[in-house]
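This report concerns only the one structure given below.
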Amino acid sequence: MAPPATPTSYSLASSPFSSPNLGALLKIKVITWSQETGLPVSIRVRVGEKIFNLHRFPLTSKSGYFKKNLSKETSEIELPGDFPGGAESFEMIALFIYGSSSLIDPFNVASLRCAAEFLEMTEEQCSGNLCERFDLYLNQVVLQSWDDTLIVLQRCQILLPWSEDLLIVSRCIESLAFMACMEILDPEGRKDTPVVTMEELASQSWSCEMKDMVPEELWIKDLIALPFDFFKRVIGSLRRQGMKEKYVSPIIVFYANKWLLSRKTPTQFCESELLQGLVDLLPIGDNIRSSSSSNNNKNNSNINKVSGKVNIPVGFYFALLSRYLELGLKNENIKRKLQDQITVLLHFAQGEDFFPLLHVPDHSVSTMENVVSKYVASNSETNHSLVGEARCYRVAELWDSFLFHVVDAHPEMELKRFMELIERVPAAYRHSHDQLYRAINNFLKTHKEISQEEKGAICKNLSCQKLSQETCIEAVQNELMPLRLIVQALFVQQLNTHQTFKECSDSFRYTNCGAEFLSGSLSSSRCPYSRSQNLAESPYTTADGPEMGSSSGPLGLMLHKDMMMMQKIKFSTTEYEATSFRIQNLEQELMSLKRSLQLQNKELSKSQKKMVKPYGLEERSMSKKRNGVGQASSCISSVNFSSQRKYASRILKLFRRLTWFASRKSKRKPATPSHWPNSM
C-alpha cells in the first residue's frame, strides 16, 4: 500500500504557485482595512499554534461558522484541531475574506474548498462566496486536466472525510477513469506505443522478485501510485465506463507487482489488507468457467478468453498464492479463491509458474497437491475431447516437472510419500513419461540407499513405451535404474530400430520401383503397381473408375508411399505383457543361479583346503567341474552388472548408428524423374 501522506508533505506552502509571504500579505490587508474603516482588530482566531488578529465584520459577513460562534462579548475563538488544511488554509481563507485575489491552484484548491465548507462560506451568506468559486475552479479547470486531477486526488488523502463528503474524491476518480478510457480510444494520443495488454504480460516470468516489469504508459504509472482505496475505485469506474478487461487487468497486475510482490509494503497488516483487496478486485468468481480457447500450442500464451473477457496469466495467481503462504495469513477465503482460479487455468501454466511456491517449502507440496487433485476431480466426469486430452497431458507434464523440483526442496521425503504424489495424477493423463523419468531419477540420486525392490516399486509407474528415444537411451545407461526397466528399455529400442529399418527399406524399395517404372524396364513381378497390370487390380482404383491421379504412375506410387510412411507401429499389448512376465522370470532365475554359484564356490574353496590332489587328478577334476557347470557359470558371468552395462552400451552404439542411417534414408526425398535412371 502506498505510504500514507503527511500534512507536511501536502502543506500549502509546498505549492509552486503559493506565495511564501502569505502572513505579510494578510497583515497588509488587515492594516489597509483598518485604515479604510477606522475600526481596530477585535477578534483573535487561534488555529493550532498560530494566532490571527482580524476584524469581526468581515468574518461574520461571509462565514456562517463565525456568525454562530462569535457573540458581541467574544473576542477570541479557537478552531478545532481537525480544521481542514490547518493554519495555512485559514490564512488563505482570511486573505479571500479581505478581498485578496490570491491565486488558486490544484495544490491548494481541495484544502480551501474543505476549509470554506467548514466555515460555512456558502451563497446563503453572500453572493459569490468561496464555496461556489472553488467548485467552479474544480469543475472547469482541474477536472479537465489529467495532471491537475491527479494532484487534487492525492491532496485529498489528508482531507478525509471532508473531501469525500464534498464529492471531490468521487469527481476526481470519475474524471481520471473517463480520461483513461479516452486514452485507450485515442490512437494519436498514444503515438507509436500501444497500450499494454494481458497478451504482452503473458511472456513474463512470474516470481515474487520481479523488478523489470514496469509499464511504459505514464497514465498507468500515475494510477498505480495511488493509495489502494483510491486505486480500487478507479478500477471500478474504468469497468463501469466500458474499458475492456484486457486493458484493466494489466493495471491491477502492475499495482500488485509494485506494492505486494515486490515487498514494498511497510507492515504485515497492510499486506494482508492489500492482498485481500486485490483478490476481490481481480476477475475471479463469475469468470471461472471452462475455457473456450484451444490448447494446441504447448507454450500457451497463458491467456484464456472467457465470455469476452481476458483472464490474468495463471503464473500471477501462483505468485499471489505463494505470497499469501509466506505471510502466514489465516484468511481461508483468499486461499480458496486463488486455488480455485489456478485450478481452472492450470492447463495454461508453464513450468516456471510454480517456482514461487517452492520458496515456501512448508506448504508448497500440500498446496500444489490440492490444486492438482481439484483439477483431476473436476475433469473426471467430463468427456475428454482432443482439446481436453491435450490439457490433461499438459497438467501431468507440469505435475511431473513440479515433482522434480520438490525432490530438491524436500530431500528427506520418503519413498511412500513420493509414490503417492506420482499417483496423484491418473496414468491416462501422461502422454509422455520423460518428465516423470527425470523426477524419479532425481529421487534416486537423492536416495541412493534404497534397495532394488524399492527401485522397482517406484519405477512401476514408468512406461518405456512413452519415453522419447533420447530418454530411453539415457535410461538404459543409467546405473540408478533397476535391471527390469533397463531390459524393457532395450526391448523398446529394438522394436524402434526394427521399425526404422522397415520404413527405410520401404522408402528405398518404392523409390527404385518408381525409377524403373519411368524407364520402362520394370516388370509386373517386380512392381505390383505397374501400368502393365490391369487397372482393376490397382490399389488406387475406386468403384467409379480410377482414383484421381491414378493415370499418373509416379503419383500413385507417391500416394502409396505416403500412406505407408504415415502408419506408425503399435505395440502389441499381449506381446509386451508376455515380455514383461518373461523378464521377471529371468530376474528370478538369474538371482537363484547367482546364489547357487556362490554356494558352490564356497564349497569348492573349503574342499580345496582340506585335500590336495595330484596334478593330473586335480586337472581332470577341474575339467569335469567346468564341463558340468560350464553353462551355468557362463550364464552367471553374464549377470555381472558391469559387463551388462558394457554390453548394453555396445548395443546402444549400434542402435544409434542404425537409427542415424535409417533417419537419413527416411528423410531423403524421392529423386526427380531425370535422376532416377542414374540411381539404378
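Chain labels A, B, ... are given in the sequence in which chains occur in the C-alpha cells; within each chain residues are numbered consecutively from 1, and ligands are likewise numbered from 1 in the order shown.
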
I'd like the neighbourhood of Ala116 in chain A as a PyMOL selection string, where a residue qualifies if any of its atoms comes within 8 Å (using only C-alpha atoms), though same-chain residues fewer than 5 positions away should be ignored. chain A and resi 93+121-122+130-131

Output N, CA, C and O atoms of each residue in that selection to a file, as a PDB file, in the first residue's frame.
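So the final result, stored in result.pdb, reads:
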ATOM      1  N   ILE A  93      -7.833  31.628   3.439  1.00  0.00           N
ATOM      2  CA  ILE A  93      -9.247  31.970   3.547  1.00  0.00           C
ATOM      3  C   ILE A  93      -9.395  33.411   4.052  1.00  0.00           C
ATOM      4  O   ILE A  93     -10.234  34.192   3.565  1.00  0.00           O
ATOM      5  N   MET A 121     -18.997  29.018   4.291  1.00  0.00           N
ATOM      6  CA  MET A 121     -18.908  30.195   3.420  1.00  0.00           C
ATOM      7  C   MET A 121     -19.662  29.901   2.122  1.00  0.00           C
ATOM      8  O   MET A 121     -19.089  29.713   1.047  1.00  0.00           O
ATOM      9  N   THR A 122     -20.985  29.858   2.236  1.00  0.00           N
ATOM     10  CA  THR A 122     -21.871  29.480   1.142  1.00  0.00           C
ATOM     11  C   THR A 122     -22.561  30.707   0.567  1.00  0.00           C
ATOM     12  O   THR A 122     -22.385  31.843   1.027  1.00  0.00           O
ATOM     13  N   LEU A 130     -16.955  31.754  -1.253  1.00  0.00           N
ATOM     14  CA  LEU A 130     -15.806  30.917  -1.602  1.00  0.00           C
ATOM     15  C   LEU A 130     -16.190  29.508  -2.037  1.00  0.00           C
ATOM     16  O   LEU A 130     -15.528  28.930  -2.906  1.00  0.00           O
ATOM     17  N   CYS A 131     -17.193  28.918  -1.462  1.00  0.00           N
ATOM     18  CA  CYS A 131     -17.580  27.549  -1.832  1.00  0.00           C
ATOM     19  C   CYS A 131     -17.894  27.460  -3.317  1.00  0.00           C
ATOM     20  O   CYS A 131     -17.436  26.552  -4.018  1.00  0.00           O
TER      21      CYS A 131
END

Range 452-462 of chain A: which residues within 7 Å, counting only C-alpha atoms, same-chain residues fewer than 6 positions away excluded, as an MDAnalysis selection string? chainID A and resid 419 433 437 482

Would you work out the distance separating CA of Tyr247 in chain A from CA of Asp222 in chain A, expressed in Å to one decimal? 15.2 Å

Could you work out how far CA of Phe355 in chain A lies from CA of Ala319 in chain A, giving the answer in Å with one decimal? 8.5 Å
